[in-house]
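Source file structure_10.cif; content: mmCIF, N, CA and C atoms.
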data_my_file
loop_
_atom_site.label_atom_id
_atom_site.label_comp_id
_atom_site.auth_asym_id
_atom_site.auth_seq_id
_atom_site.Cartn_x
_atom_site.Cartn_y
_atom_site.Cartn_z
N MET A 1 -1.75 -2.88 -20.50
CA MET A 1 -2.46 -3.41 -19.34
C MET A 1 -1.62 -3.25 -18.08
N GLY A 2 -0.64 -2.36 -18.10
CA GLY A 2 0.25 -2.20 -16.97
C GLY A 2 -0.44 -1.68 -15.73
N PHE A 3 -1.19 -0.58 -15.85
CA PHE A 3 -1.81 0.00 -14.67
C PHE A 3 -2.93 -0.89 -14.14
N ILE A 4 -3.75 -1.43 -15.04
CA ILE A 4 -4.86 -2.30 -14.62
C ILE A 4 -4.30 -3.55 -13.94
N GLY A 5 -3.25 -4.12 -14.49
CA GLY A 5 -2.63 -5.29 -13.89
C GLY A 5 -2.06 -4.99 -12.51
N ARG A 6 -1.40 -3.85 -12.39
CA ARG A 6 -0.85 -3.44 -11.09
C ARG A 6 -1.97 -3.23 -10.07
N TRP A 7 -3.10 -2.67 -10.54
CA TRP A 7 -4.25 -2.44 -9.67
C TRP A 7 -4.83 -3.77 -9.18
N VAL A 8 -4.95 -4.75 -10.06
CA VAL A 8 -5.49 -6.06 -9.68
C VAL A 8 -4.56 -6.73 -8.67
N VAL A 9 -3.26 -6.69 -8.93
CA VAL A 9 -2.29 -7.30 -8.03
C VAL A 9 -2.32 -6.62 -6.67
N LEU A 10 -2.37 -5.29 -6.65
CA LEU A 10 -2.43 -4.56 -5.37
C LEU A 10 -3.74 -4.83 -4.63
N THR A 11 -4.83 -5.02 -5.37
CA THR A 11 -6.10 -5.34 -4.72
C THR A 11 -6.01 -6.68 -4.00
N LEU A 12 -5.48 -7.68 -4.66
CA LEU A 12 -5.32 -8.99 -4.02
C LEU A 12 -4.38 -8.90 -2.82
N ALA A 13 -3.29 -8.18 -2.97
CA ALA A 13 -2.34 -8.03 -1.87
C ALA A 13 -2.95 -7.27 -0.69
N THR A 14 -3.77 -6.27 -0.98
CA THR A 14 -4.44 -5.52 0.09
C THR A 14 -5.44 -6.39 0.81
N MET A 15 -6.16 -7.23 0.08
CA MET A 15 -7.10 -8.14 0.71
C MET A 15 -6.39 -9.12 1.65
N VAL A 16 -5.22 -9.60 1.24
CA VAL A 16 -4.45 -10.49 2.10
C VAL A 16 -3.99 -9.75 3.36
N ALA A 17 -3.56 -8.50 3.21
CA ALA A 17 -3.12 -7.71 4.37
C ALA A 17 -4.27 -7.46 5.33
N VAL A 18 -5.45 -7.17 4.80
CA VAL A 18 -6.62 -6.96 5.66
C VAL A 18 -6.95 -8.24 6.42
N TRP A 19 -6.79 -9.36 5.77
CA TRP A 19 -7.10 -10.65 6.38
C TRP A 19 -6.07 -11.02 7.44
N LEU A 20 -4.79 -10.69 7.23
CA LEU A 20 -3.73 -11.13 8.14
C LEU A 20 -3.41 -10.16 9.28
N VAL A 21 -3.48 -8.87 9.03
CA VAL A 21 -3.04 -7.89 10.04
C VAL A 21 -4.23 -7.47 10.88
N PRO A 22 -4.15 -7.64 12.20
CA PRO A 22 -5.29 -7.30 13.06
C PRO A 22 -5.63 -5.82 13.10
N GLY A 23 -4.72 -4.92 12.84
CA GLY A 23 -4.98 -3.49 12.94
C GLY A 23 -5.47 -2.84 11.65
N ILE A 24 -5.79 -3.64 10.63
CA ILE A 24 -6.27 -3.10 9.37
C ILE A 24 -7.67 -3.63 9.12
N GLU A 25 -8.62 -2.70 8.87
CA GLU A 25 -10.01 -3.07 8.65
C GLU A 25 -10.52 -2.40 7.38
N THR A 26 -11.52 -3.03 6.76
CA THR A 26 -12.11 -2.44 5.56
C THR A 26 -13.17 -1.41 5.94
N VAL A 27 -13.32 -0.42 5.09
CA VAL A 27 -14.34 0.62 5.25
C VAL A 27 -15.10 0.69 3.93
N GLY A 28 -16.41 0.58 3.99
CA GLY A 28 -17.21 0.70 2.77
C GLY A 28 -17.47 -0.60 2.06
N GLY A 29 -17.21 -1.71 2.70
CA GLY A 29 -17.48 -3.00 2.09
C GLY A 29 -16.25 -3.88 2.04
N ALA A 30 -16.47 -5.18 2.13
CA ALA A 30 -15.37 -6.13 2.16
C ALA A 30 -14.61 -6.16 0.84
N TRP A 31 -15.29 -5.89 -0.27
CA TRP A 31 -14.62 -5.89 -1.57
C TRP A 31 -14.27 -4.49 -2.03
N LEU A 32 -15.20 -3.55 -1.87
CA LEU A 32 -15.01 -2.21 -2.38
C LEU A 32 -13.87 -1.48 -1.65
N GLY A 33 -13.73 -1.71 -0.36
CA GLY A 33 -12.67 -1.05 0.41
C GLY A 33 -11.28 -1.35 -0.12
N PRO A 34 -10.89 -2.63 -0.21
CA PRO A 34 -9.56 -2.93 -0.74
C PRO A 34 -9.38 -2.52 -2.21
N ILE A 35 -10.45 -2.58 -3.00
CA ILE A 35 -10.34 -2.17 -4.41
C ILE A 35 -10.02 -0.69 -4.52
N MET A 36 -10.73 0.13 -3.77
CA MET A 36 -10.49 1.58 -3.82
C MET A 36 -9.15 1.95 -3.21
N CYS A 37 -8.77 1.28 -2.12
CA CYS A 37 -7.47 1.57 -1.52
C CYS A 37 -6.35 1.17 -2.47
N ALA A 38 -6.50 0.05 -3.16
CA ALA A 38 -5.48 -0.38 -4.11
C ALA A 38 -5.37 0.60 -5.28
N LEU A 39 -6.49 1.15 -5.71
CA LEU A 39 -6.46 2.15 -6.77
C LEU A 39 -5.66 3.37 -6.34
N VAL A 40 -5.96 3.87 -5.17
CA VAL A 40 -5.24 5.04 -4.66
C VAL A 40 -3.78 4.70 -4.38
N LEU A 41 -3.52 3.49 -3.87
CA LEU A 41 -2.14 3.08 -3.60
C LEU A 41 -1.33 3.00 -4.89
N ALA A 42 -1.93 2.51 -5.97
CA ALA A 42 -1.24 2.47 -7.25
C ALA A 42 -0.91 3.89 -7.74
N LEU A 43 -1.86 4.80 -7.56
CA LEU A 43 -1.61 6.19 -7.96
C LEU A 43 -0.56 6.87 -7.09
N VAL A 44 -0.61 6.61 -5.79
CA VAL A 44 0.37 7.18 -4.86
C VAL A 44 1.76 6.62 -5.17
N ASN A 45 1.84 5.32 -5.44
CA ASN A 45 3.13 4.71 -5.76
C ASN A 45 3.71 5.24 -7.06
N ALA A 46 2.84 5.67 -7.97
CA ALA A 46 3.31 6.19 -9.25
C ALA A 46 3.70 7.66 -9.17
N THR A 47 3.14 8.41 -8.23
CA THR A 47 3.38 9.85 -8.19
C THR A 47 4.20 10.31 -6.99
N VAL A 48 3.74 10.01 -5.80
CA VAL A 48 4.36 10.54 -4.58
C VAL A 48 5.60 9.73 -4.16
N LYS A 49 5.53 8.42 -4.30
CA LYS A 49 6.61 7.57 -3.80
C LYS A 49 7.97 7.85 -4.45
N PRO A 50 8.06 8.09 -5.76
CA PRO A 50 9.39 8.41 -6.31
C PRO A 50 10.00 9.68 -5.71
N ILE A 51 9.17 10.66 -5.43
CA ILE A 51 9.66 11.89 -4.81
C ILE A 51 10.16 11.61 -3.40
N MET A 52 9.40 10.81 -2.65
CA MET A 52 9.82 10.44 -1.29
C MET A 52 11.11 9.63 -1.30
N ASN A 53 11.26 8.76 -2.28
CA ASN A 53 12.49 7.97 -2.38
C ASN A 53 13.71 8.85 -2.63
N ILE A 54 13.56 9.86 -3.45
CA ILE A 54 14.68 10.77 -3.72
C ILE A 54 15.00 11.61 -2.50
N ILE A 55 13.97 12.13 -1.84
CA ILE A 55 14.19 12.96 -0.66
C ILE A 55 14.86 12.17 0.47
N SER A 56 14.46 10.92 0.64
CA SER A 56 14.97 10.12 1.75
C SER A 56 16.18 9.27 1.38
N LEU A 57 16.76 9.49 0.23
CA LEU A 57 17.88 8.66 -0.22
C LEU A 57 19.05 8.63 0.77
N PRO A 58 19.49 9.76 1.33
CA PRO A 58 20.60 9.67 2.30
C PRO A 58 20.26 8.79 3.51
N LEU A 59 19.05 8.93 4.03
CA LEU A 59 18.65 8.11 5.18
C LEU A 59 18.52 6.64 4.81
N THR A 60 18.06 6.38 3.60
CA THR A 60 17.94 5.01 3.13
C THR A 60 19.32 4.37 2.98
N ILE A 61 20.28 5.14 2.51
CA ILE A 61 21.65 4.62 2.38
C ILE A 61 22.26 4.36 3.75
N ILE A 62 22.05 5.28 4.68
CA ILE A 62 22.61 5.12 6.03
C ILE A 62 22.04 3.87 6.71
N THR A 63 20.76 3.62 6.52
CA THR A 63 20.12 2.47 7.16
C THR A 63 20.19 1.20 6.30
N LEU A 64 20.95 1.25 5.23
CA LEU A 64 21.13 0.10 4.33
C LEU A 64 19.81 -0.40 3.75
N GLY A 65 18.92 0.53 3.47
CA GLY A 65 17.67 0.20 2.79
C GLY A 65 16.49 -0.06 3.70
N ILE A 66 16.70 -0.13 5.00
CA ILE A 66 15.61 -0.43 5.93
C ILE A 66 14.59 0.70 5.94
N PHE A 67 15.03 1.93 5.74
CA PHE A 67 14.09 3.06 5.76
C PHE A 67 13.10 2.98 4.61
N TYR A 68 13.41 2.23 3.57
CA TYR A 68 12.49 2.04 2.46
C TYR A 68 11.18 1.39 2.94
N LEU A 69 11.27 0.53 3.97
CA LEU A 69 10.07 -0.08 4.55
C LEU A 69 9.20 0.97 5.24
N VAL A 70 9.83 1.95 5.86
CA VAL A 70 9.08 3.03 6.50
C VAL A 70 8.35 3.85 5.43
N ILE A 71 9.00 4.10 4.31
CA ILE A 71 8.36 4.84 3.22
C ILE A 71 7.16 4.06 2.70
N ASN A 72 7.30 2.75 2.55
CA ASN A 72 6.17 1.93 2.10
C ASN A 72 5.00 2.03 3.08
N ALA A 73 5.29 2.01 4.37
CA ALA A 73 4.22 2.13 5.38
C ALA A 73 3.56 3.50 5.31
N LEU A 74 4.34 4.55 5.12
CA LEU A 74 3.77 5.89 5.00
C LEU A 74 2.91 6.03 3.75
N MET A 75 3.32 5.42 2.65
CA MET A 75 2.52 5.46 1.42
C MET A 75 1.21 4.69 1.60
N LEU A 76 1.26 3.59 2.36
CA LEU A 76 0.04 2.83 2.64
C LEU A 76 -0.92 3.65 3.50
N GLN A 77 -0.38 4.34 4.50
CA GLN A 77 -1.24 5.18 5.33
C GLN A 77 -1.83 6.34 4.53
N LEU A 78 -1.04 6.93 3.66
CA LEU A 78 -1.54 8.01 2.81
C LEU A 78 -2.64 7.50 1.88
N ALA A 79 -2.43 6.34 1.28
CA ALA A 79 -3.44 5.76 0.39
C ALA A 79 -4.71 5.42 1.16
N SER A 80 -4.55 4.93 2.37
CA SER A 80 -5.71 4.61 3.20
C SER A 80 -6.52 5.87 3.50
N PHE A 81 -5.82 6.92 3.89
CA PHE A 81 -6.50 8.18 4.21
C PHE A 81 -7.21 8.76 2.99
N LEU A 82 -6.48 8.82 1.86
CA LEU A 82 -7.07 9.41 0.65
C LEU A 82 -8.25 8.60 0.13
N SER A 83 -8.16 7.29 0.17
CA SER A 83 -9.28 6.48 -0.34
C SER A 83 -10.52 6.66 0.53
N ARG A 84 -10.33 6.78 1.83
CA ARG A 84 -11.49 7.00 2.70
C ARG A 84 -12.08 8.39 2.51
N GLU A 85 -11.23 9.38 2.26
CA GLU A 85 -11.72 10.75 2.08
C GLU A 85 -12.36 10.97 0.71
N ILE A 86 -11.79 10.38 -0.32
CA ILE A 86 -12.29 10.61 -1.69
C ILE A 86 -13.46 9.70 -2.01
N PHE A 87 -13.31 8.40 -1.78
CA PHE A 87 -14.32 7.42 -2.19
C PHE A 87 -15.23 6.96 -1.05
N HIS A 88 -14.91 7.33 0.18
CA HIS A 88 -15.63 6.86 1.37
C HIS A 88 -15.60 5.34 1.45
N ALA A 89 -14.57 4.77 0.89
CA ALA A 89 -14.33 3.33 0.96
C ALA A 89 -12.83 3.12 0.90
N GLY A 90 -12.35 2.17 1.65
CA GLY A 90 -10.91 1.91 1.68
C GLY A 90 -10.58 1.02 2.84
N ILE A 91 -9.43 1.26 3.43
CA ILE A 91 -9.05 0.51 4.62
C ILE A 91 -8.73 1.50 5.73
N TYR A 92 -8.96 1.07 6.96
CA TYR A 92 -8.63 1.88 8.13
C TYR A 92 -7.46 1.20 8.83
N ILE A 93 -6.39 1.95 9.07
CA ILE A 93 -5.20 1.44 9.73
C ILE A 93 -5.12 2.06 11.11
N GLN A 94 -5.08 1.22 12.14
CA GLN A 94 -5.13 1.71 13.51
C GLN A 94 -3.83 2.34 13.99
N SER A 95 -2.68 1.82 13.56
CA SER A 95 -1.41 2.34 14.06
C SER A 95 -0.33 2.24 12.98
N PHE A 96 0.80 2.88 13.26
CA PHE A 96 1.90 2.81 12.32
C PHE A 96 2.46 1.40 12.25
N GLY A 97 2.43 0.69 13.37
CA GLY A 97 2.91 -0.69 13.38
C GLY A 97 2.08 -1.57 12.45
N SER A 98 0.77 -1.38 12.47
CA SER A 98 -0.10 -2.13 11.57
C SER A 98 0.19 -1.76 10.11
N ALA A 99 0.44 -0.47 9.85
CA ALA A 99 0.78 -0.04 8.50
C ALA A 99 2.11 -0.64 8.06
N PHE A 100 3.06 -0.71 8.98
CA PHE A 100 4.38 -1.27 8.67
C PHE A 100 4.27 -2.74 8.29
N ILE A 101 3.57 -3.52 9.11
CA ILE A 101 3.38 -4.95 8.82
C ILE A 101 2.55 -5.13 7.55
N GLY A 102 1.51 -4.31 7.40
CA GLY A 102 0.67 -4.38 6.20
C GLY A 102 1.44 -4.07 4.94
N ALA A 103 2.33 -3.08 5.00
CA ALA A 103 3.13 -2.72 3.83
C ALA A 103 4.09 -3.85 3.45
N ILE A 104 4.65 -4.52 4.45
CA ILE A 104 5.53 -5.65 4.17
C ILE A 104 4.74 -6.77 3.51
N ILE A 105 3.56 -7.07 4.05
CA ILE A 105 2.73 -8.14 3.49
C ILE A 105 2.28 -7.79 2.08
N ILE A 106 1.85 -6.55 1.86
CA ILE A 106 1.42 -6.14 0.53
C ILE A 106 2.57 -6.24 -0.46
N SER A 107 3.77 -5.85 -0.06
CA SER A 107 4.93 -5.93 -0.95
C SER A 107 5.25 -7.37 -1.32
N ILE A 108 5.24 -8.26 -0.34
CA ILE A 108 5.57 -9.66 -0.59
C ILE A 108 4.51 -10.32 -1.47
N VAL A 109 3.24 -10.13 -1.12
CA VAL A 109 2.16 -10.76 -1.89
C VAL A 109 2.11 -10.19 -3.31
N ALA A 110 2.28 -8.87 -3.45
CA ALA A 110 2.27 -8.27 -4.79
C ALA A 110 3.43 -8.78 -5.63
N MET A 111 4.57 -8.99 -5.02
CA MET A 111 5.72 -9.51 -5.76
C MET A 111 5.44 -10.94 -6.22
N ILE A 112 4.88 -11.76 -5.34
CA ILE A 112 4.60 -13.15 -5.70
C ILE A 112 3.50 -13.24 -6.76
N VAL A 113 2.38 -12.55 -6.53
CA VAL A 113 1.27 -12.61 -7.47
C VAL A 113 1.65 -11.99 -8.82
N GLY A 114 2.36 -10.88 -8.79
CA GLY A 114 2.80 -10.24 -10.02
C GLY A 114 3.78 -11.11 -10.80
N GLY A 115 4.65 -11.81 -10.08
CA GLY A 115 5.59 -12.68 -10.75
C GLY A 115 4.94 -13.92 -11.35
N VAL A 116 3.98 -14.49 -10.63
CA VAL A 116 3.31 -15.70 -11.12
C VAL A 116 2.38 -15.38 -12.30
N THR A 117 1.61 -14.30 -12.19
CA THR A 117 0.64 -13.99 -13.23
C THR A 117 1.22 -13.16 -14.36
N GLY A 118 2.29 -12.44 -14.11
CA GLY A 118 2.87 -11.57 -15.13
C GLY A 118 2.10 -10.27 -15.31
N LEU A 119 1.19 -9.94 -14.39
CA LEU A 119 0.39 -8.73 -14.51
C LEU A 119 1.15 -7.48 -14.10
N ASP A 120 2.11 -7.61 -13.23
CA ASP A 120 2.80 -6.43 -12.71
C ASP A 120 3.87 -5.95 -13.63
#
Spit out the file's structure as structure tokens when you get a sec.
Amino acid sequence: MGFIGRWVVLTLATMVAVWLVPGIETVGGAWLGPIMCALVLALVNATVKPIMNIISLPLTIITLGIFYLVINALMLQLASFLSREIFHAGIYIQSFGSAFIGAIIISIVAMIVGGVTGLD
């Protein structure tokens, strides 16, 4: 139940980010948008993100890990774009700043929800 649990946790975290961050809006429905974006985000985090982490390792070391937040924001923007293009449902992010704040919120909420429920 690893992938399904991660998908549920990311869906809840994405819904919280949509609710809190003014620059993030749902596309395709209040429920369907975050669900589809979380699905794509889980797939992107499993495939593309490890490659990006390896490529950006020197910059991440130089910035003492702060650049990892930028990678999270880029993965959120990629997942947002892909979910809207593939499923015509997802989230729309207005700016990189909104993606940055949204990625931080999604990371924190996913960590808390995953830790409490044990789904992650």
Within 7 Å of Cys37 (chain A), counting only N, CA and C atoms, which residues qualify if same-chain residues fewer than 4 places away don't, as a tab-separated table (two decimals) with N, CA and C atoms, keeping the file's coordinate frame?
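Writing done, so here's part_14.tsv:
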chain	number	residue	atom	x	y	z
A	10	LEU	N	-2.37	-5.29	-6.65
A	10	LEU	CA	-2.43	-4.56	-5.37
A	10	LEU	C	-3.74	-4.83	-4.63
A	11	THR	N	-4.83	-5.02	-5.37
A	11	THR	CA	-6.10	-5.34	-4.72
A	11	THR	C	-6.01	-6.68	-4.00
A	32	LEU	N	-15.20	-3.55	-1.87
A	32	LEU	CA	-15.01	-2.21	-2.38
A	32	LEU	C	-13.87	-1.48	-1.65
A	33	GLY	N	-13.73	-1.71	-0.36
A	33	GLY	CA	-12.67	-1.05	0.41
A	33	GLY	C	-11.28	-1.35	-0.12
A	41	LEU	N	-3.52	3.49	-3.87
A	41	LEU	CA	-2.14	3.08	-3.60
A	41	LEU	C	-1.33	3.00	-4.89
A	42	ALA	N	-1.93	2.51	-5.97
A	42	ALA	CA	-1.24	2.47	-7.25
A	42	ALA	C	-0.91	3.89	-7.74
A	79	ALA	N	-2.43	6.34	1.28
A	79	ALA	CA	-3.44	5.76	0.39
A	79	ALA	C	-4.71	5.42	1.16
A	80	SER	N	-4.55	4.93	2.37
A	80	SER	CA	-5.71	4.61	3.20
A	80	SER	C	-6.52	5.87	3.50
A	83	SER	N	-8.16	7.29	0.17
A	83	SER	CA	-9.28	6.48	-0.34
A	83	SER	C	-10.52	6.66	0.53
A	84	ARG	N	-10.33	6.78	1.83
A	84	ARG	CA	-11.49	7.00	2.70
A	84	ARG	C	-12.08	8.39	2.51
A	89	ALA	N	-14.57	4.77	0.89
A	89	ALA	CA	-14.33	3.33	0.96
A	89	ALA	C	-12.83	3.12	0.90
A	90	GLY	N	-12.35	2.17	1.65
A	90	GLY	CA	-10.91	1.91	1.68
A	90	GLY	C	-10.58	1.02	2.84
A	91	ILE	N	-9.43	1.26	3.43
A	91	ILE	CA	-9.05	0.51	4.62
A	91	ILE	C	-8.73	1.50	5.73
As a PyMOL selection string, list the residues of region 2-116 of chain A assigned to helix (DSSP H, G or I) by DSSP on the backbone atoms of this structure. chain A and resi 2-20+32-55+57-62+67-86+96-116
Å distance separating CA of Val16 (chain A) from CA of Ile66 (chain A), one decimal place: 22.8 Å
Do you know which residues the PyMOL selection byres (((chain A and resi 113 and name CA) around 12) and name CA) returns on this file, as a PyMOL selection string? chain A and resi 5-14+16+105-112+114-120
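Across A:Phe100, A:Ile62, A:Ile35, A:His88, the tightest approach to Leu76 (chain A) is made by A:Phe100 when counting all atoms listed in the file.
Counting only N, CA and C atoms, the residue from A:Met75, A:Leu59, A:Ala99, A:Leu64 that sits nearest to Asn45 (chain A) is A:Met75.
Interatomic distance, CA of Ile4 (chain A) to CA of Leu78 (chain A): 20.5 Å.
Minimum atom-to-atom distances from A:Met15, A:Leu43, A:Val21, A:Trp31 to Phe3 (chain A) were compared using only C-alpha atoms, and the lowest value belongs to A:Leu43.
Distances from A:Ile101, A:Leu57, A:Ile93, A:Met52 to Ala73 (chain A) were compared using all atoms listed in the file, and the smallest one belongs to A:Ile101.
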